[in-house]
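Next comes data.txt, with compact mmCIF, C-alpha atoms and all ligand atoms.
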```
# COMPACT_ATOMS: atom_id res chain seq x y z
CA MET A 1 91.29 128.39 128.33
CA ASN A 2 89.89 125.89 125.88
CA SER A 3 86.99 127.68 124.20
CA GLN A 4 84.95 124.46 124.23
CA GLU A 5 85.18 123.66 127.94
CA ASN A 6 83.63 120.21 127.57
CA MET A 7 85.76 118.99 124.69
CA PRO A 8 88.75 116.82 125.58
CA ILE A 9 92.31 118.11 125.56
CA ALA A 10 94.63 115.55 123.99
CA LEU A 11 98.43 115.43 123.85
CA VAL A 12 100.38 113.35 121.34
CA THR A 13 104.13 112.75 121.67
CA GLY A 14 106.61 112.19 118.84
CA VAL A 15 104.96 114.23 116.09
CA GLY A 16 108.15 115.03 114.25
CA ARG A 17 107.05 114.25 110.67
CA ALA A 18 103.95 114.91 108.57
CA GLU A 19 104.21 111.33 107.23
CA GLY A 20 104.12 109.78 110.72
CA ILE A 21 101.23 108.23 112.62
CA GLY A 22 101.44 110.96 115.29
CA PHE A 23 100.58 113.71 112.80
CA GLU A 24 97.54 111.75 111.58
CA LEU A 25 96.53 111.09 115.21
CA CYS A 26 96.54 114.84 115.84
CA ARG A 27 94.39 115.36 112.75
CA GLN A 28 91.85 112.64 113.67
CA LEU A 29 91.56 113.72 117.33
CA ALA A 30 91.23 117.41 116.44
CA ALA A 31 88.64 116.56 113.76
CA ARG A 32 86.48 115.30 116.65
CA GLY A 33 86.50 118.83 118.07
CA MET A 34 89.30 118.29 120.59
CA THR A 35 92.10 120.70 121.39
CA VAL A 36 95.23 118.79 120.43
CA LEU A 37 98.67 119.49 121.82
CA LEU A 38 101.02 118.41 119.04
CA THR A 39 104.44 117.75 120.53
CA ALA A 40 107.82 117.10 118.98
CA ARG A 41 111.35 117.08 120.32
CA THR A 42 111.60 120.84 119.73
CA HIS A 43 109.10 123.64 119.38
CA ALA A 44 110.71 124.55 116.05
CA ARG A 45 109.77 121.08 114.76
CA ALA A 46 106.24 121.14 116.22
CA GLN A 47 105.26 124.61 115.02
CA PRO A 48 105.13 124.06 111.20
CA LEU A 49 103.34 120.73 111.66
CA ALA A 50 100.74 122.34 113.92
CA ASP A 51 100.39 125.17 111.36
CA MET A 52 99.50 122.61 108.66
CA LEU A 53 96.61 121.29 110.78
CA ILE A 54 95.54 124.76 111.89
CA ALA A 55 95.26 125.58 108.17
CA GLU A 56 92.74 122.70 107.95
CA GLY A 57 90.63 124.55 110.56
CA LEU A 58 91.68 122.34 113.49
CA ASP A 59 92.49 123.44 117.06
CA VAL A 60 96.09 122.27 117.34
CA ARG A 61 98.79 123.80 119.55
CA PRO A 62 102.53 123.11 119.23
CA PHE A 63 104.64 122.19 122.26
CA ALA A 64 108.20 120.94 122.76
CA LEU A 65 108.43 117.53 124.41
CA ASP A 66 111.54 115.38 124.32
CA VAL A 67 110.50 112.21 126.14
CA THR A 68 114.05 111.55 127.33
CA ALA A 69 114.51 114.85 129.19
CA ASP A 70 113.06 115.44 132.67
CA GLU A 71 113.31 119.19 133.00
CA PRO A 72 111.87 120.17 129.58
CA ILE A 73 108.93 117.81 130.19
CA GLN A 74 108.22 119.59 133.46
CA HIS A 75 108.22 122.92 131.57
CA THR A 76 105.64 121.51 129.15
CA VAL A 77 103.56 120.11 132.00
CA ALA A 78 103.61 123.54 133.65
CA ALA A 79 102.59 125.23 130.39
CA VAL A 80 99.69 122.80 129.87
CA ALA A 81 98.64 123.24 133.51
CA ALA A 82 98.68 127.03 133.18
CA GLU A 83 96.68 127.07 129.97
CA PHE A 84 94.24 124.18 130.44
CA GLY A 85 94.42 123.01 134.05
CA ARG A 86 94.00 119.38 133.04
CA LEU A 87 94.75 116.75 130.38
CA ASP A 88 92.14 114.27 129.14
CA ILE A 89 94.07 112.12 126.65
CA LEU A 90 97.77 111.24 126.55
CA VAL A 91 99.02 109.33 123.51
CA ASN A 92 102.58 108.08 123.88
CA ASN A 93 103.49 107.78 120.21
CA ALA A 94 107.19 108.74 120.18
CA ALA A 95 109.55 105.90 119.42
CA ALA A 96 113.04 105.03 118.27
CA THR A 97 114.12 101.98 116.31
CA GLY A 98 117.41 100.12 116.32
CA PRO A 99 119.12 98.91 113.16
CA PHE A 100 117.09 96.73 110.79
CA GLY A 101 117.97 93.07 111.36
CA GLU A 102 119.65 93.77 114.74
CA LYS A 103 120.24 90.48 116.60
CA PRO A 104 120.20 90.08 120.41
CA SER A 105 123.56 88.28 120.38
CA ASP A 106 125.56 91.18 119.02
CA ALA A 107 123.35 94.25 119.41
CA ASP A 108 125.28 97.37 120.37
CA LEU A 109 124.19 98.00 123.96
CA GLN A 110 124.42 101.77 123.57
CA THR A 111 121.86 101.53 120.80
CA VAL A 112 119.75 99.22 122.96
CA ALA A 113 119.94 101.76 125.79
CA HIS A 114 118.82 104.56 123.46
CA VAL A 115 115.85 102.58 122.16
CA MET A 116 114.83 101.72 125.73
CA ALA A 117 115.35 105.36 126.79
CA VAL A 118 112.82 106.57 124.22
CA ASN A 119 110.41 103.65 123.97
CA LEU A 120 110.17 102.49 127.59
CA TYR A 121 111.53 105.16 129.94
CA GLY A 122 110.16 107.90 127.67
CA VAL A 123 106.65 106.47 127.97
CA TRP A 124 107.13 105.90 131.70
CA ARG A 125 108.49 109.41 132.31
CA THR A 126 105.74 111.08 130.25
CA CYS A 127 103.01 109.14 132.08
CA GLN A 128 104.46 110.10 135.47
CA ALA A 129 104.83 113.74 134.46
CA PHE A 130 101.26 114.13 133.18
CA LEU A 131 99.45 111.97 135.74
CA PRO A 132 98.65 114.91 138.03
CA LEU A 133 96.91 116.67 135.10
CA LEU A 134 95.22 113.46 133.94
CA ARG A 135 93.84 112.98 137.45
CA LYS A 136 92.13 116.37 137.06
CA SER A 137 90.17 115.09 134.05
CA ARG A 138 86.66 113.71 134.53
CA SER A 139 87.58 110.69 132.42
CA ALA A 140 91.13 110.32 131.17
CA ARG A 141 92.75 107.93 128.71
CA ILE A 142 96.38 106.91 128.21
CA VAL A 143 97.31 105.10 125.02
CA ASN A 144 100.79 103.67 124.66
CA VAL A 145 101.56 103.06 121.01
CA SER A 146 103.12 99.62 120.92
CA SER A 147 103.74 97.02 118.24
CA GLY A 148 102.93 93.43 117.48
CA VAL A 149 106.70 93.12 117.18
CA GLY A 150 106.75 93.22 121.00
CA SER A 151 104.15 90.46 121.35
CA HIS A 152 105.08 86.88 122.27
CA ASP A 153 102.24 85.39 120.26
CA ASP A 154 101.34 87.82 117.46
CA PRO A 155 101.27 85.34 114.55
CA LEU A 156 102.55 87.90 112.02
CA PHE A 157 105.07 90.10 113.81
CA GLY A 158 105.75 88.49 117.22
CA LEU A 159 109.06 88.39 119.09
CA THR A 160 109.91 84.92 117.78
CA ARG A 161 108.40 85.26 114.30
CA GLY A 162 111.64 86.26 112.59
CA ASN A 163 110.69 89.89 112.00
CA LYS A 164 113.61 92.10 111.04
CA MET A 165 112.65 95.20 113.07
CA GLY A 166 115.47 94.47 115.48
CA SER A 167 115.81 92.97 118.90
CA SER A 168 115.95 96.22 120.91
CA TYR A 169 112.76 97.52 119.30
CA GLY A 170 110.83 94.30 120.00
CA VAL A 171 112.09 94.06 123.57
CA SER A 172 111.25 97.74 124.19
CA LYS A 173 107.68 97.29 122.94
CA ALA A 174 107.23 94.14 125.06
CA ALA A 175 108.36 96.27 128.01
CA VAL A 176 105.87 99.01 127.06
CA ASN A 177 103.14 96.37 127.12
CA ALA A 178 104.23 95.22 130.58
CA PHE A 179 104.37 98.82 131.82
CA THR A 180 100.87 99.42 130.41
CA ALA A 181 99.50 96.44 132.32
CA THR A 182 101.05 97.55 135.61
CA LEU A 183 100.00 101.21 135.31
CA ALA A 184 96.45 100.21 134.34
CA GLU A 185 96.30 97.93 137.37
CA GLU A 186 97.43 100.73 139.69
CA LEU A 187 94.93 103.19 138.19
CA LYS A 188 91.89 100.88 138.25
CA GLY A 189 88.93 102.79 139.67
CA SER A 190 90.56 106.19 139.07
CA GLY A 191 88.66 106.83 135.82
CA ILE A 192 91.92 106.68 133.86
CA LEU A 193 91.93 103.88 131.28
CA VAL A 194 95.38 102.75 130.11
CA ASN A 195 95.89 100.59 127.03
CA ALA A 196 98.58 99.63 124.53
CA VAL A 197 97.75 99.70 120.82
CA CYS A 198 99.55 98.38 117.77
CA PRO A 199 98.70 100.42 114.66
CA GLY A 200 99.60 97.52 112.37
CA PHE A 201 102.16 97.74 109.59
CA THR A 202 101.59 101.33 108.46
CA ALA A 203 102.94 103.26 105.48
CA THR A 204 105.04 105.95 107.16
CA PHE A 205 108.07 105.62 104.93
CA PRO A 206 108.57 105.54 101.14
CA GLY A 207 107.89 102.15 99.57
CA ALA A 208 106.01 100.77 102.58
CA GLU A 209 102.67 100.52 100.77
CA ALA A 210 104.28 98.36 98.11
CA MET A 211 105.43 96.11 100.97
CA GLY A 212 101.82 95.71 102.15
CA ALA A 213 101.59 98.54 104.69
CA ARG A 214 98.20 100.10 105.37
CA PRO A 215 97.42 103.81 104.96
CA VAL A 216 98.35 106.02 107.91
CA SER A 217 94.68 106.94 108.43
CA GLU A 218 93.88 103.27 109.15
CA GLY A 219 96.86 102.75 111.46
CA ALA A 220 95.90 105.84 113.46
CA ALA A 221 92.22 104.89 113.74
CA GLY A 222 92.84 102.03 116.20
CA ILE A 223 94.78 104.39 118.45
CA VAL A 224 91.98 106.98 118.31
CA TRP A 225 89.58 104.17 119.28
CA ALA A 226 91.55 103.56 122.50
CA ALA A 227 91.88 107.30 123.15
CA THR A 228 88.12 107.77 122.99
CA LEU A 229 86.88 104.69 124.87
CA PRO A 230 83.71 105.11 126.92
CA ASP A 231 84.03 105.09 130.73
CA ASP A 232 83.15 101.38 130.87
CA GLY A 233 85.77 100.54 128.22
CA PRO A 234 88.68 98.15 128.77
CA THR A 235 91.87 99.00 130.63
CA GLY A 236 95.21 97.17 130.78
CA GLY A 237 94.77 95.63 127.34
CA PHE A 238 96.74 95.34 124.12
CA PHE A 239 94.78 95.99 120.91
CA ARG A 240 94.94 96.40 117.16
CA ASP A 241 91.90 97.83 115.36
CA GLY A 242 89.91 97.50 118.58
CA GLN A 243 90.58 93.76 118.77
CA LYS A 244 92.59 92.16 121.58
CA LEU A 245 96.11 91.10 120.68
CA PRO A 246 98.01 88.35 122.48
CA TRP A 247 100.75 89.60 124.84
N1 LIG B 301 104.77 102.48 111.08
C1 LIG B 301 104.53 101.23 111.50
O1 LIG B 301 104.40 100.28 110.70
C2 LIG B 301 104.39 100.93 112.98
C3 LIG B 301 104.02 99.64 113.36
C4 LIG B 301 103.86 99.34 114.70
C5 LIG B 301 104.05 100.35 115.64
N2 LIG B 301 104.42 101.60 115.24
C6 LIG B 301 104.59 102.62 116.27
O2 LIG B 301 103.85 103.77 115.91
C7 LIG B 301 104.46 104.94 116.47
C8 LIG B 301 104.69 105.97 115.39
O3 LIG B 301 105.59 105.43 114.44
P1 LIG B 301 105.76 106.01 112.96
O4 LIG B 301 105.76 104.85 112.07
O5 LIG B 301 104.80 107.11 112.71
O6 LIG B 301 107.26 106.53 112.97
P2 LIG B 301 107.90 107.97 113.18
O7 LIG B 301 107.34 108.96 112.23
O8 LIG B 301 109.36 107.75 113.15
O9 LIG B 301 107.42 108.38 114.62
C9 LIG B 301 108.18 108.34 115.75
C10 LIG B 301 108.41 109.77 116.20
O10 LIG B 301 109.02 109.73 117.50
C11 LIG B 301 109.86 110.84 117.57
N3 LIG B 301 110.87 110.74 118.60
C12 LIG B 301 112.00 109.99 118.63
N4 LIG B 301 112.69 110.22 119.76
C13 LIG B 301 111.98 111.15 120.46
C14 LIG B 301 112.18 111.79 121.70
N5 LIG B 301 113.27 111.56 122.45
N6 LIG B 301 111.24 112.67 122.13
C15 LIG B 301 110.16 112.93 121.38
N7 LIG B 301 109.92 112.37 120.18
C16 LIG B 301 110.84 111.48 119.73
C17 LIG B 301 110.50 110.96 116.20
O11 LIG B 301 110.92 112.28 116.08
P3 LIG B 301 111.99 112.76 115.00
O12 LIG B 301 111.20 112.87 113.73
O13 LIG B 301 112.43 114.07 115.56
O14 LIG B 301 113.06 111.72 114.98
C18 LIG B 301 109.34 110.58 115.29
O15 LIG B 301 108.67 111.73 114.83
C19 LIG B 301 105.74 104.46 117.15
O16 LIG B 301 105.49 104.25 118.52
C20 LIG B 301 106.01 103.13 116.46
O17 LIG B 301 106.78 102.25 117.26
C21 LIG B 301 104.59 101.91 113.94
```

What is this file in C-alpha cells?
Amino acid sequence: MNSQENMPIALVTGVGRAEGIGFELCRQLAARGMTVLLTARTHARAQPLADMLIAEGLDVRPFALDVTADEPIQHTVAAVAAEFGRLDILVNNAAATGPFGEKPSDADLQTVAHVMAVNLYGVWRTCQAFLPLLRKSRSARIVNVSSGVGSHDDPLFGLTRGNKMGSSYGVSKAAVNAFTATLAEELKGSGILVNAVCPGFTATFPGAEAMGARPVSEGAAGIVWAATLPDDGPTGGFFRDGQKLPW
C-alpha cells in the first residue's frame, strides 16, 4: 500500500526518455509527495528511468504500458489495483508523430493509422482501462496531453497555420481534443475532471531551444496544473499554461 494513504497516486504514460515531458511530469508530480507510476512501452525501459527519480528521493514505480495493446494494459491495471486499489491521476502523455512536413494529400495511410493508434485510440483505450480505478478515487483527474497543432484556431500552431508537424499528428491531436470533450461530458458529476493540455513548444530534442522551445520544466508545469486541479476546477477544456486555448 501507499505509505502516505492520503497522497494521490498518479500514472503517466509514454515515459520512454529522460529528455521527454513525461519524465519531467513524473518528477514534478512525485516532488509534490505523490506516488508516481512511471510507465513506458516495456518494463525494461521504465525501470532505469524510475531509478533515476528514486535516486532523487522520489516515490516512483516502474510499470510496462504499451498504449496500443489491450492485454498488457489489463495486466498493468490489475497490478495497480492489487497494489493501490485506486488511481487518482492519469496523464496520457504517450504520442507518436508522422513524418515532418507530411501532407494530407499524399500521407501514407499506414503511418496515419499508427499515429492514430497511439495518439487517439491509445488515449481512449488507457482511459477505458483505468476508469474503474479512477472511479475509486475521491477526486480523480485525467489529463490528455494534446497540442496546439491540433487546434483549429491556435494562432501559432493551428491546423491551418502551416506548421510542419505533419497532417496525421495534427488530426490525431484534434481527435484527442474531441475525445476529451466527450469523456468529460459523460463524467460530469462523477468527481473526475478531464482536460486536454498543450505543453507548448518544448525542448525535448537537440537543437529545439535554439528554435525557440521552452524548457521541459515549463512545458510540464501546465500539465501538472491540470492534474492537480481543485474539485471545483474546469472539466472538458483545452489549456496551455492554465489558460484556455481555442479548439
Ligand atoms: N515537445 C513538444 O514541443 C510538444 C508540443 C506539443 C505537444 N507535445 C506532446 O507532449 C507529449 C510528450 O512529448 P515529448 O515531446 O516529450 O516527446 P517524446 O519524448 O517522444 O514522448 C512521447 C513518448 O511516447 C512514447 N510512446 C510512443 N508510442 C507508445 C506506445 N505505443 N505506448 C507507450 N508509449 C509510447 C514514446 O516512447 P519511446 O521512447 O519508446 O518511443 C515516447 O517516450 C506528447 O503527447 C506530445 O504530442 C509535445

Within 7 Å of ligand LIG 301 (chain B), which residues show up when you count all atoms listed in the file? List them as a ChimeraX atom specification, please. /A:13-17,19-22,40-41,65-68,93-96,118,145-148,198-204,213

To one decimal place, how far is CA of Gly170 (chain A) from CA of Val143 (chain A) in Å?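 Pair CA of Gly170 (chain A) / CA of Val143 (chain A) returns 18.0 Å.
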
Residue contacts of region 47-54 of chain A (8 Å, only C-alpha atoms) excluding same-chain residues fewer than 6 positions away, as a list in words: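 Counting only the stated atoms, we get Gly16, Arg17, Ala18, Phe23, Arg27, Leu38, Val60, Arg61, Pro62 and Phe63 of chain A.
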
For Gly242 (chain A), work out the shell of residues within 10 Å, counting all atoms listed in the file and skipping chain neighbours fewer than 2 positions away, then give it as an NGL selection string. :A and (197-198 or 221-226 or 238-240 or 244-245)

How many Å separate CA of Phe84 (chain A) from CA of Thr35 (chain A)?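 Interatomic distance here is 9.9 Å.
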
By how many Å are CA of Asn92 (chain A) and CA of Lys188 (chain A) apart?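 For CA of Asn92 (chain A) relative to CA of Lys188 (chain A), the distance reads 19.3 Å.
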
A:Pro215, A:Pro132, A:Gly162, A:Pro155 ranked by distance to Arg86 (chain A), top pick (using only C-alpha atoms):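 With only C-alpha atoms as the atom set, the closest residue is A:Pro132.
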
Pick out the closest residue to Ser190 (chain A) from this set: A:Leu120, A:Leu134, A:Leu25, A:Val36. Count all atoms listed in the file.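 The closest residue to Ser190 (chain A) is A:Leu134.
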
Using only C-alpha atoms, tabulate the residues of region 122-225 of chain A lying at most 12 Å from any atom of region 100-115 of chain A, each with its closest atom pair and that distance in Å to one decimal, by chain and increasing residue number, as a Markdown table.
```
| residue | atom | partner | partner_atom | distance |
| --- | --- | --- | --- | --- |
| A:Gly122 | CA | A:Val115 | CA | 9.5 |
| A:Val123 | CA | A:Val115 | CA | 11.6 |
| A:Leu159 | CA | A:Pro104 | CA | 11.3 |
| A:Thr160 | CA | A:Lys103 | CA | 11.8 |
| A:Gly162 | CA | A:Gly101 | CA | 9.4 |
| A:Asn163 | CA | A:Gly101 | CA | 8.0 |
| A:Lys164 | CA | A:Gly101 | CA | 4.5 |
| A:Met165 | CA | A:Phe100 | CA | 5.2 |
| A:Gly166 | CA | A:Glu102 | CA | 4.3 |
| A:Ser167 | CA | A:Pro104 | CA | 5.5 |
| A:Ser168 | CA | A:Val112 | CA | 5.3 |
| A:Tyr169 | CA | A:Val115 | CA | 6.6 |
| A:Gly170 | CA | A:Val115 | CA | 9.9 |
| A:Val171 | CA | A:Val112 | CA | 9.3 |
| A:Ser172 | CA | A:Val115 | CA | 7.0 |
| A:Lys173 | CA | A:Val115 | CA | 9.8 |
| A:Ala175 | CA | A:Val115 | CA | 11.4 |
| A:Val176 | CA | A:Val115 | CA | 11.7 |
```
